[in-house]
Number of protein chains: 2
Amino acid sequence: MAHKPRSEMIAETRAKLVAAAREAFGRVGYANASMDDFTAGAGLTRGALYHHFGGKQGLLEAVITQIDAEMSARLNGVSARFSDPWQGFVEECVGYIEMALEPEIQRIMLLDGPAVLGNPFNWPNQPGCIRSLTNSLKRLVADGQADVADPEATARLVSGASLHASLWIANSDDPEATSKRAVAAFKRLLEGLRTGAPSSG
Amino acid sequence: MAHKPRSEMIAETRAKLVAAAREAFGRVGYANASMDDFTAGAGLTRGALYHHFGGKQGLLEAVITQIDAEMSARLNGVSARFSDPWQGFVEECVGYIEMALEPEIQRIMLLDGPAVLGNPFNWPNQPGCIRSLTNSLKRLVADGQADVADPEATARLVSGASLHASLWIANSDDPEATSKRAVAAFKRLLEGLRTGAPSSG
DNA sequence: ATAATTACATACGTAACGTATGTCAATTGA
DNA sequence: TCAATTGACATACGTTACGTATGTAATTAT
């Protein structure tokens, strides 16, 4: 049987480590994930980990980069499904909330990531999600549909509200009901950014 | 010299531990704070810590309870200084942002706290800040100044936006400038919740 | 006065991290 | 083609720091 090329083997090793770490971080949290354990689970040792990622933090960065890229892709997919730009924007935000309800994303991207790596906005690709929101907002402003002076700043606020909404929902006694409340309040909040804001109704 | 009463000594021990832990957690972060180190700094050992707080997490909870109470008090003070209810609400939110700029609050309440203890909304008194915002919103709704169907949900979103604004500001290259942008965008966001929302201007 | 509980300190075992080093394959250069 | 070097890991080691178990002196209860 022919051996695989060297570069491919290395890529596999890296991918295996990232996958194993992602699973462990998501399941038990960064602090409780033993490097010896999950590297062994991937058929490797800590030696490989230190070689490729420099340490536990480096692996976390790699995991976060991977997840963030997936989130960006999903968000772009959501907003693209709506012909009405405003509705696309709103659903993109709601999609943000829904994604953050997944335990893995919550644990890694919202809790451990910021605590270990510091501010999420400095992360490699977290800007991905922010940029997606920012671009959507810019388009709305250009179309005259949103009255926002600083789309990027607004996008960051909106993102913060979304993330915390997710934490609230996920930790509530009745996630279903809480989710409805959060999304409703969130839509109302966004409605206030609209040009002709028909706030009273 | 007369000895202090027993209960007072115990209270002092607890207070010393909380103070030492608060300083250490705020300075180097929860994970990097050695219990041996900061208990020794308080003239005690880990024995006292385990006796009073059950462990490292218990101490963190105590620290967070203390900080949260302080934050609540400060927030109440801010909103009370304004005669116009709407302005009071806005400034309360801005005060929230400004408090979260302090490194200790950011590190303990925004980063380590959620990562170690889980969702902040389950914390002992974090509801303090949320409740403060919720009450302000309810009053505005009652006065007909805000058009918000679910004050609590809205308060949580607003709080999330505030907290993330703080993280953004604190980690930006130019905190001064970023702060102005964030606060401006934040005020615009709140403006959208007003009854007669004069969004275009 | 003695028993029991409280408020700590001390001692111990262990898990986990980072580093330093070792090894073997693959690549490069002559 | 063969030696030298680099790269990709594994192994071994020392240290830190945590939790627990135990010890002890002072207080409280009986």
# chains A, B, ... in the order shown; residues from 1 in each chain; ligands from 1

call {"tool": "residues_around", "arguments": {"residues": "segment 61-75 of chain B", "least_positions_apart": "6", "cutoff": "8 Å", "atoms": "only C-alpha atoms (C1' of nucleotides)", "output": "ChimeraX atom specification"}}
result
/B:18-19,21-22,92,95-96,99,105,108-109,113,117,123-126,128-129,132

call {"tool": "write_last_selection", "arguments": {"atoms": "all heavy atoms", "output": "compact mmCIF listing (two decimals), in the first residue's frame"}}
result
# COMPACT_ATOMS: atom_id res chain seq x y z
N VAL B 18 -11.01 37.40 50.99
CA VAL B 18 -11.71 37.95 49.82
C VAL B 18 -10.90 39.07 49.19
O VAL B 18 -10.74 39.14 47.96
CB VAL B 18 -13.11 38.45 50.22
CG1 VAL B 18 -13.74 39.24 49.08
CG2 VAL B 18 -14.01 37.29 50.61
N ALA B 19 -10.35 39.93 50.02
CA ALA B 19 -9.58 41.06 49.49
C ALA B 19 -8.33 40.57 48.76
O ALA B 19 -8.00 41.06 47.68
CB ALA B 19 -9.20 42.01 50.63
N ALA B 21 -7.79 37.62 47.45
CA ALA B 21 -8.16 36.91 46.23
C ALA B 21 -8.59 37.91 45.15
O ALA B 21 -8.21 37.79 43.98
CB ALA B 21 -9.30 35.95 46.51
N ARG B 22 -9.35 38.89 45.54
CA ARG B 22 -9.81 39.89 44.58
C ARG B 22 -8.64 40.58 43.90
O ARG B 22 -8.63 40.76 42.69
CB ARG B 22 -10.68 40.92 45.32
CG ARG B 22 -11.16 42.05 44.44
CD ARG B 22 -12.19 42.90 45.18
NE ARG B 22 -12.54 44.08 44.41
CZ ARG B 22 -13.56 44.88 44.72
NH1 ARG B 22 -14.31 44.60 45.77
NH2 ARG B 22 -13.84 45.93 43.97
N GLU B 92 -27.09 55.70 33.07
CA GLU B 92 -26.87 54.46 33.83
C GLU B 92 -26.18 53.42 32.94
O GLU B 92 -25.24 52.74 33.36
CB GLU B 92 -28.21 53.93 34.32
CG GLU B 92 -28.10 52.73 35.24
CD GLU B 92 -29.47 52.27 35.74
OE1 GLU B 92 -30.45 53.04 35.57
OE2 GLU B 92 -29.56 51.15 36.27
N GLY B 95 -22.68 54.45 32.34
CA GLY B 95 -21.92 54.14 33.55
C GLY B 95 -21.55 52.67 33.60
O GLY B 95 -20.46 52.31 34.06
N TYR B 96 -22.43 51.86 33.13
CA TYR B 96 -22.15 50.43 33.04
C TYR B 96 -20.93 50.19 32.17
O TYR B 96 -20.02 49.44 32.54
CB TYR B 96 -23.38 49.75 32.42
CG TYR B 96 -23.60 48.32 32.82
CD1 TYR B 96 -23.13 47.82 34.02
CD2 TYR B 96 -24.33 47.47 32.00
CE1 TYR B 96 -23.35 46.51 34.38
CE2 TYR B 96 -24.57 46.16 32.35
CZ TYR B 96 -24.07 45.67 33.54
OH TYR B 96 -24.29 44.38 33.88
N MET B 99 -17.73 51.44 34.00
CA MET B 99 -17.28 50.55 35.07
C MET B 99 -16.55 49.35 34.49
O MET B 99 -15.53 48.91 35.01
CB MET B 99 -18.47 50.07 35.88
CG MET B 99 -18.97 51.09 36.88
SD MET B 99 -20.05 50.35 38.09
CE MET B 99 -21.19 49.48 37.05
N ILE B 105 -12.70 44.73 37.06
CA ILE B 105 -14.06 44.33 36.73
C ILE B 105 -14.08 43.51 35.44
O ILE B 105 -14.77 42.49 35.34
CB ILE B 105 -14.97 45.57 36.61
CG1 ILE B 105 -15.16 46.19 38.00
CG2 ILE B 105 -16.30 45.22 35.97
CD1 ILE B 105 -16.05 47.41 38.01
N ILE B 108 -12.39 39.95 36.20
CA ILE B 108 -13.14 39.08 37.10
C ILE B 108 -14.58 38.87 36.66
O ILE B 108 -15.07 37.75 36.57
CB ILE B 108 -13.10 39.62 38.54
CG1 ILE B 108 -11.65 39.68 39.03
CG2 ILE B 108 -13.94 38.75 39.46
CD1 ILE B 108 -11.48 40.27 40.41
N MET B 109 -15.26 39.98 36.37
CA MET B 109 -16.69 39.88 36.10
C MET B 109 -17.00 39.48 34.65
O MET B 109 -18.01 38.84 34.39
CB MET B 109 -17.36 41.22 36.39
CG MET B 109 -17.16 41.73 37.81
SD MET B 109 -17.88 40.65 39.06
CE MET B 109 -19.60 41.14 38.98
N GLY B 113 -15.04 35.13 35.51
CA GLY B 113 -16.28 34.77 36.16
C GLY B 113 -17.15 33.87 35.30
O GLY B 113 -17.47 32.74 35.71
N LEU B 117 -17.53 30.08 36.51
CA LEU B 117 -18.79 29.84 37.20
C LEU B 117 -19.96 29.59 36.25
O LEU B 117 -21.05 29.24 36.68
CB LEU B 117 -19.12 31.06 38.07
CG LEU B 117 -18.71 31.01 39.54
CD1 LEU B 117 -17.39 30.32 39.72
CD2 LEU B 117 -18.64 32.41 40.10
N TRP B 123 -25.51 34.24 38.50
CA TRP B 123 -24.71 34.59 39.66
C TRP B 123 -25.57 35.16 40.78
O TRP B 123 -26.67 35.65 40.55
CB TRP B 123 -23.66 35.59 39.27
CG TRP B 123 -22.65 35.03 38.35
CD1 TRP B 123 -22.55 33.72 37.94
CD2 TRP B 123 -21.60 35.74 37.69
NE1 TRP B 123 -21.49 33.58 37.09
CE2 TRP B 123 -20.90 34.79 36.92
CE3 TRP B 123 -21.19 37.05 37.70
CZ2 TRP B 123 -19.80 35.15 36.16
CZ3 TRP B 123 -20.09 37.40 36.94
CH2 TRP B 123 -19.41 36.45 36.18
N PRO B 124 -24.98 35.10 41.96
CA PRO B 124 -25.71 35.55 43.15
C PRO B 124 -26.36 36.93 42.98
O PRO B 124 -27.56 37.06 43.16
CB PRO B 124 -24.61 35.59 44.22
CG PRO B 124 -23.31 35.40 43.49
CD PRO B 124 -23.64 34.63 42.29
N ASN B 125 -25.57 37.90 42.59
CA ASN B 125 -26.13 39.24 42.56
C ASN B 125 -25.99 39.95 41.23
O ASN B 125 -26.34 41.11 41.11
CB ASN B 125 -25.49 40.10 43.65
CG ASN B 125 -26.23 39.96 44.94
OD1 ASN B 125 -27.45 39.85 44.95
ND2 ASN B 125 -25.49 39.93 46.03
N GLN B 126 -25.43 39.26 40.27
CA GLN B 126 -25.36 39.89 38.95
C GLN B 126 -26.74 40.41 38.60
O GLN B 126 -26.89 41.47 38.04
CB GLN B 126 -24.90 38.90 37.89
CG GLN B 126 -25.11 39.38 36.46
CD GLN B 126 -24.15 40.48 36.08
OE1 GLN B 126 -23.59 41.15 36.91
NE2 GLN B 126 -24.01 40.70 34.80
N GLY B 128 -28.33 41.96 40.24
CA GLY B 128 -28.37 43.32 40.78
C GLY B 128 -28.32 44.35 39.68
O GLY B 128 -29.21 45.19 39.54
N CYS B 129 -27.30 44.25 38.86
CA CYS B 129 -27.17 45.20 37.76
C CYS B 129 -28.32 45.08 36.78
O CYS B 129 -28.89 46.07 36.32
CB CYS B 129 -25.85 44.98 37.03
SG CYS B 129 -24.41 45.39 38.04
N SER B 132 -31.40 46.56 38.20
CA SER B 132 -31.35 48.02 38.17
C SER B 132 -31.78 48.54 36.81
O SER B 132 -32.61 49.45 36.71
CB SER B 132 -29.94 48.47 38.52
OG SER B 132 -29.86 49.88 38.51

call {"tool": "residues_around", "arguments": {"residues": "DG13 of chain C", "least_positions_apart": "2", "cutoff": "10 Å", "atoms": "only C-alpha atoms (C1' of nucleotides)", "output": "list in words"}}
result
DA11 and DA15 of chain C; DG19 and DT20 of chain D

call {"tool": "interface_residues", "arguments": {"of": "chain A", "to": "chain D", "cutoff": "12 Å", "atoms": "only C-alpha atoms (C1' of nucleotides)", "output": "MDAnalysis selection string"}}
result
chainID A and resid 6:7 9:11 13:14 40 43:52

call {"tool": "write_last_selection", "arguments": {"atoms": "all heavy atoms", "output": "compact mmCIF listing (two decimals), in the first residue's frame"}}
result
# COMPACT_ATOMS: atom_id res chain seq x y z
N ARG A 6 4.21 13.23 2.61
CA ARG A 6 4.59 13.75 3.92
C ARG A 6 3.69 14.91 4.38
O ARG A 6 3.18 14.91 5.49
CB ARG A 6 6.04 14.23 3.83
CG ARG A 6 6.57 14.85 5.07
CD ARG A 6 7.63 13.96 5.64
NE ARG A 6 8.39 14.62 6.70
CZ ARG A 6 8.45 14.15 7.92
NH1 ARG A 6 7.78 13.06 8.23
NH2 ARG A 6 9.19 14.74 8.82
N SER A 7 3.52 15.88 3.50
CA SER A 7 2.76 17.08 3.89
C SER A 7 1.34 16.72 4.30
O SER A 7 0.75 17.33 5.20
CB SER A 7 2.74 18.08 2.74
OG SER A 7 2.09 17.51 1.62
N MET A 9 0.39 13.89 5.66
CA MET A 9 0.44 13.28 6.99
C MET A 9 0.46 14.35 8.08
O MET A 9 -0.23 14.26 9.09
CB MET A 9 1.71 12.40 7.12
CG MET A 9 1.78 11.22 6.17
SD MET A 9 0.77 9.84 6.74
CE MET A 9 1.49 9.54 8.36
N ILE A 10 1.27 15.38 7.83
CA ILE A 10 1.39 16.45 8.81
C ILE A 10 0.07 17.18 8.96
O ILE A 10 -0.38 17.47 10.08
CB ILE A 10 2.51 17.42 8.39
CG1 ILE A 10 3.85 16.69 8.43
CG2 ILE A 10 2.53 18.64 9.29
CD1 ILE A 10 5.00 17.48 7.88
N ALA A 11 -0.56 17.45 7.85
CA ALA A 11 -1.86 18.13 7.89
C ALA A 11 -2.86 17.29 8.67
O ALA A 11 -3.66 17.81 9.46
CB ALA A 11 -2.35 18.40 6.48
N THR A 13 -2.13 15.16 11.07
CA THR A 13 -1.78 15.25 12.49
C THR A 13 -2.36 16.52 13.11
O THR A 13 -3.00 16.49 14.16
CB THR A 13 -0.26 15.24 12.66
OG1 THR A 13 0.26 14.00 12.19
CG2 THR A 13 0.12 15.42 14.12
N ARG A 14 -2.14 17.64 12.42
CA ARG A 14 -2.67 18.89 12.93
C ARG A 14 -4.18 18.84 13.05
O ARG A 14 -4.76 19.24 14.06
CB ARG A 14 -2.27 20.06 12.01
CG ARG A 14 -0.80 20.45 12.09
CD ARG A 14 -0.51 21.63 11.18
NE ARG A 14 -1.32 22.78 11.50
CZ ARG A 14 -0.89 23.82 12.20
NH1 ARG A 14 0.35 23.83 12.66
NH2 ARG A 14 -1.69 24.84 12.45
N ALA A 40 -3.75 11.64 23.53
CA ALA A 40 -3.75 10.18 23.46
C ALA A 40 -4.97 9.70 22.68
O ALA A 40 -4.90 8.76 21.90
CB ALA A 40 -3.75 9.59 24.87
N GLY A 43 -4.34 9.49 19.26
CA GLY A 43 -3.24 8.60 18.90
C GLY A 43 -1.89 9.30 18.89
O GLY A 43 -0.97 8.88 18.20
N LEU A 44 -1.78 10.38 19.67
CA LEU A 44 -0.53 11.14 19.68
C LEU A 44 -0.11 11.43 21.12
O LEU A 44 -0.70 10.91 22.05
CB LEU A 44 -0.71 12.45 18.91
CG LEU A 44 -1.01 12.29 17.41
CD1 LEU A 44 -1.65 13.52 16.84
CD2 LEU A 44 0.27 11.95 16.66
N THR A 45 0.92 12.23 21.26
CA THR A 45 1.34 12.65 22.60
C THR A 45 1.44 14.17 22.64
O THR A 45 1.24 14.85 21.64
CB THR A 45 2.72 12.06 22.95
OG1 THR A 45 3.71 12.69 22.13
CG2 THR A 45 2.74 10.57 22.76
N ARG A 46 1.76 14.65 23.83
CA ARG A 46 1.89 16.11 23.98
C ARG A 46 3.04 16.66 23.15
O ARG A 46 3.09 17.84 22.84
CB ARG A 46 2.10 16.43 25.45
CG ARG A 46 0.82 16.78 26.14
CD ARG A 46 1.06 17.27 27.55
NE ARG A 46 2.47 17.25 27.88
CZ ARG A 46 2.94 16.88 29.05
NH1 ARG A 46 2.11 16.50 29.99
NH2 ARG A 46 4.22 16.89 29.29
N GLY A 47 3.96 15.80 22.79
CA GLY A 47 5.08 16.24 21.97
C GLY A 47 4.62 16.85 20.66
O GLY A 47 5.08 17.93 20.26
N ALA A 48 3.70 16.18 20.01
CA ALA A 48 3.17 16.69 18.75
C ALA A 48 2.47 18.02 18.95
O ALA A 48 2.61 18.96 18.17
CB ALA A 48 2.20 15.67 18.15
N LEU A 49 1.74 18.09 20.04
CA LEU A 49 1.00 19.31 20.35
C LEU A 49 1.94 20.51 20.50
O LEU A 49 1.74 21.56 19.88
CB LEU A 49 0.22 19.08 21.63
CG LEU A 49 -0.91 20.04 21.98
CD1 LEU A 49 -1.79 19.41 23.05
CD2 LEU A 49 -0.38 21.36 22.51
N TYR A 50 2.97 20.31 21.30
CA TYR A 50 3.90 21.43 21.53
C TYR A 50 4.64 21.77 20.24
O TYR A 50 4.95 22.93 19.99
CB TYR A 50 4.86 21.09 22.67
CG TYR A 50 4.27 21.36 24.02
CD1 TYR A 50 3.70 20.34 24.77
CD2 TYR A 50 4.24 22.65 24.54
CE1 TYR A 50 3.13 20.59 26.01
CE2 TYR A 50 3.68 22.90 25.78
CZ TYR A 50 3.14 21.87 26.51
OH TYR A 50 2.57 22.11 27.72
N HIS A 51 4.92 20.76 19.46
CA HIS A 51 5.63 21.02 18.22
C HIS A 51 4.80 21.89 17.28
O HIS A 51 5.29 22.87 16.73
CB HIS A 51 5.99 19.71 17.54
CG HIS A 51 6.70 19.89 16.24
ND1 HIS A 51 7.99 20.38 16.17
CD2 HIS A 51 6.31 19.68 14.97
CE1 HIS A 51 8.35 20.44 14.89
NE2 HIS A 51 7.35 20.02 14.15
N HIS A 52 3.55 21.55 17.13
CA HIS A 52 2.74 22.24 16.12
C HIS A 52 2.09 23.52 16.63
O HIS A 52 1.89 24.47 15.87
CB HIS A 52 1.64 21.30 15.61
CG HIS A 52 2.12 20.26 14.67
ND1 HIS A 52 2.61 20.55 13.42
CD2 HIS A 52 2.21 18.92 14.79
CE1 HIS A 52 2.97 19.45 12.80
NE2 HIS A 52 2.74 18.42 13.62

call {"tool": "interface_residues", "arguments": {"of": "chain A", "to": "chain C", "cutoff": "9 Å", "atoms": "only C-alpha atoms (C1' of nucleotides)", "output": "ChimeraX atom specification"}}
result
/A:6,34-36,55

call {"tool": "write_last_selection", "arguments": {"atoms": "all heavy atoms", "output": "PDB file, in the first residue's frame"}}
result
ATOM      1  N   ARG A   6       4.208  13.231   2.608  1.00  0.00           N
ATOM      2  CA  ARG A   6       4.588  13.750   3.915  1.00  0.00           C
ATOM      3  C   ARG A   6       3.693  14.906   4.375  1.00  0.00           C
ATOM      4  O   ARG A   6       3.185  14.912   5.486  1.00  0.00           O
ATOM      5  CB  ARG A   6       6.041  14.227   3.831  1.00  0.00           C
ATOM      6  CG  ARG A   6       6.573  14.850   5.065  1.00  0.00           C
ATOM      7  CD  ARG A   6       7.625  13.957   5.641  1.00  0.00           C
ATOM      8  NE  ARG A   6       8.392  14.622   6.702  1.00  0.00           N
ATOM      9  CZ  ARG A   6       8.449  14.152   7.918  1.00  0.00           C
ATOM     10  NH1 ARG A   6       7.783  13.060   8.233  1.00  0.00           N
ATOM     11  NH2 ARG A   6       9.185  14.739   8.817  1.00  0.00           N
ATOM     12  N   SER A  34      -7.467  17.689  29.772  1.00  0.00           N
ATOM     13  CA  SER A  34      -6.071  17.277  29.961  1.00  0.00           C
ATOM     14  C   SER A  34      -5.401  17.035  28.613  1.00  0.00           C
ATOM     15  O   SER A  34      -5.886  16.268  27.788  1.00  0.00           O
ATOM     16  CB  SER A  34      -6.016  16.007  30.807  1.00  0.00           C
ATOM     17  OG  SER A  34      -4.791  15.333  30.609  1.00  0.00           O
ATOM     18  N   MET A  35      -4.264  17.663  28.427  1.00  0.00           N
ATOM     19  CA  MET A  35      -3.557  17.495  27.162  1.00  0.00           C
ATOM     20  C   MET A  35      -3.151  16.048  26.968  1.00  0.00           C
ATOM     21  O   MET A  35      -3.192  15.535  25.847  1.00  0.00           O
ATOM     22  CB  MET A  35      -2.323  18.400  27.156  1.00  0.00           C
ATOM     23  CG  MET A  35      -2.665  19.860  27.283  1.00  0.00           C
ATOM     24  SD  MET A  35      -1.244  20.865  27.752  1.00  0.00           S
ATOM     25  CE  MET A  35      -0.331  20.898  26.221  1.00  0.00           C
ATOM     26  N   ASP A  36      -2.717  15.411  28.028  1.00  0.00           N
ATOM     27  CA  ASP A  36      -2.348  14.002  27.912  1.00  0.00           C
ATOM     28  C   ASP A  36      -3.534  13.168  27.430  1.00  0.00           C
ATOM     29  O   ASP A  36      -3.392  12.296  26.596  1.00  0.00           O
ATOM     30  CB  ASP A  36      -1.861  13.487  29.274  1.00  0.00           C
ATOM     31  CG  ASP A  36      -0.431  13.932  29.565  1.00  0.00           C
ATOM     32  OD1 ASP A  36       0.408  13.845  28.655  1.00  0.00           O
ATOM     33  OD2 ASP A  36      -0.171  14.387  30.681  1.00  0.00           O
ATOM     34  N   GLY A  55       1.738  25.009  22.501  1.00  0.00           N
ATOM     35  CA  GLY A  55       1.177  24.806  23.836  1.00  0.00           C
ATOM     36  C   GLY A  55      -0.335  24.733  23.798  1.00  0.00           C
ATOM     37  O   GLY A  55      -0.959  24.698  22.733  1.00  0.00           O
TER      38      GLY A  55
END

call {"tool": "closest_residue", "arguments": {"among": "B:Ala33, B:Ser166, B:Gly41, B:Leu137", "to": "Gln87 of chain B", "atoms": "only C-alpha atoms"}}
result
B:Leu137

call {"tool": "interface_residues", "arguments": {"of": "chain B", "to": "chain A", "cutoff": "7 Å", "atoms": "only C-alpha atoms", "output": "tab-separated table (two decimals) with C-alpha atoms, in the first residue's frame"}}
result
chain	number	residue	atom	x	y	z
B	111	LEU	CA	-13.80	37.09	31.59
B	112	ASP	CA	-12.95	34.70	34.40
B	114	PRO	CA	-18.36	33.47	33.27
B	115	ALA	CA	-15.68	30.95	32.29
B	119	ASN	CA	-23.46	32.00	32.90
B	121	PHE	CA	-27.00	35.61	34.83
B	147	ASP	CA	-41.80	51.57	23.91
B	150	ASP	CA	-40.41	43.14	27.73
B	153	ALA	CA	-35.34	40.92	28.17
B	154	THR	CA	-34.42	44.32	26.84
B	157	LEU	CA	-29.70	42.78	25.71
B	158	VAL	CA	-28.67	46.28	26.66
B	160	GLY	CA	-24.78	42.55	26.88
B	161	ALA	CA	-24.19	45.36	24.44
B	164	HIS	CA	-19.04	43.99	24.91
B	165	ALA	CA	-18.61	47.65	24.22
B	167	LEU	CA	-14.25	44.85	25.99
B	168	TRP	CA	-13.97	46.50	22.62
B	171	ASN	CA	-8.68	46.31	23.82
B	181	ARG	CA	-17.62	55.80	19.06
B	182	ALA	CA	-19.04	53.11	21.30
B	185	ALA	CA	-23.50	54.17	18.84
B	189	LEU	CA	-29.28	52.19	19.90
B	192	GLY	CA	-34.53	53.57	19.07
B	193	LEU	CA	-36.37	52.36	22.15
B	195	THR	CA	-41.59	56.27	22.30
B	197	ALA	CA	-38.22	57.76	18.39
B	199	SER	CA	-34.42	58.30	14.71
B	200	SER	CA	-33.56	60.43	11.71

call {"tool": "atom_distance", "arguments": {"atom1": "atom CA of Ser136 of chain B", "atom2": "atom CA of Lys187 of chain A"}}
result
20.4 Å

call {"tool": "atom_distance", "arguments": {"atom1": "atom CA of Glu91 of chain B", "atom2": "atom CA of Val78 of chain B"}}
result
6.9 Å

call {"tool": "select_by_dssp", "arguments": {"residues": "segment 1-178 of chain A", "states": "alpha helix (DSSP H)", "output": "number ranges by chain"}}
result
A: 6-28, 35-41, 46-53, 56-80, 85-99, 103-105, 113-117, 126-142, 151-170, 175-178

call {"tool": "atom_distance", "arguments": {"atom1": "atom CA of Gly77 of chain B", "atom2": "atom CA of Gly144 of chain B"}}
result
23.2 Å
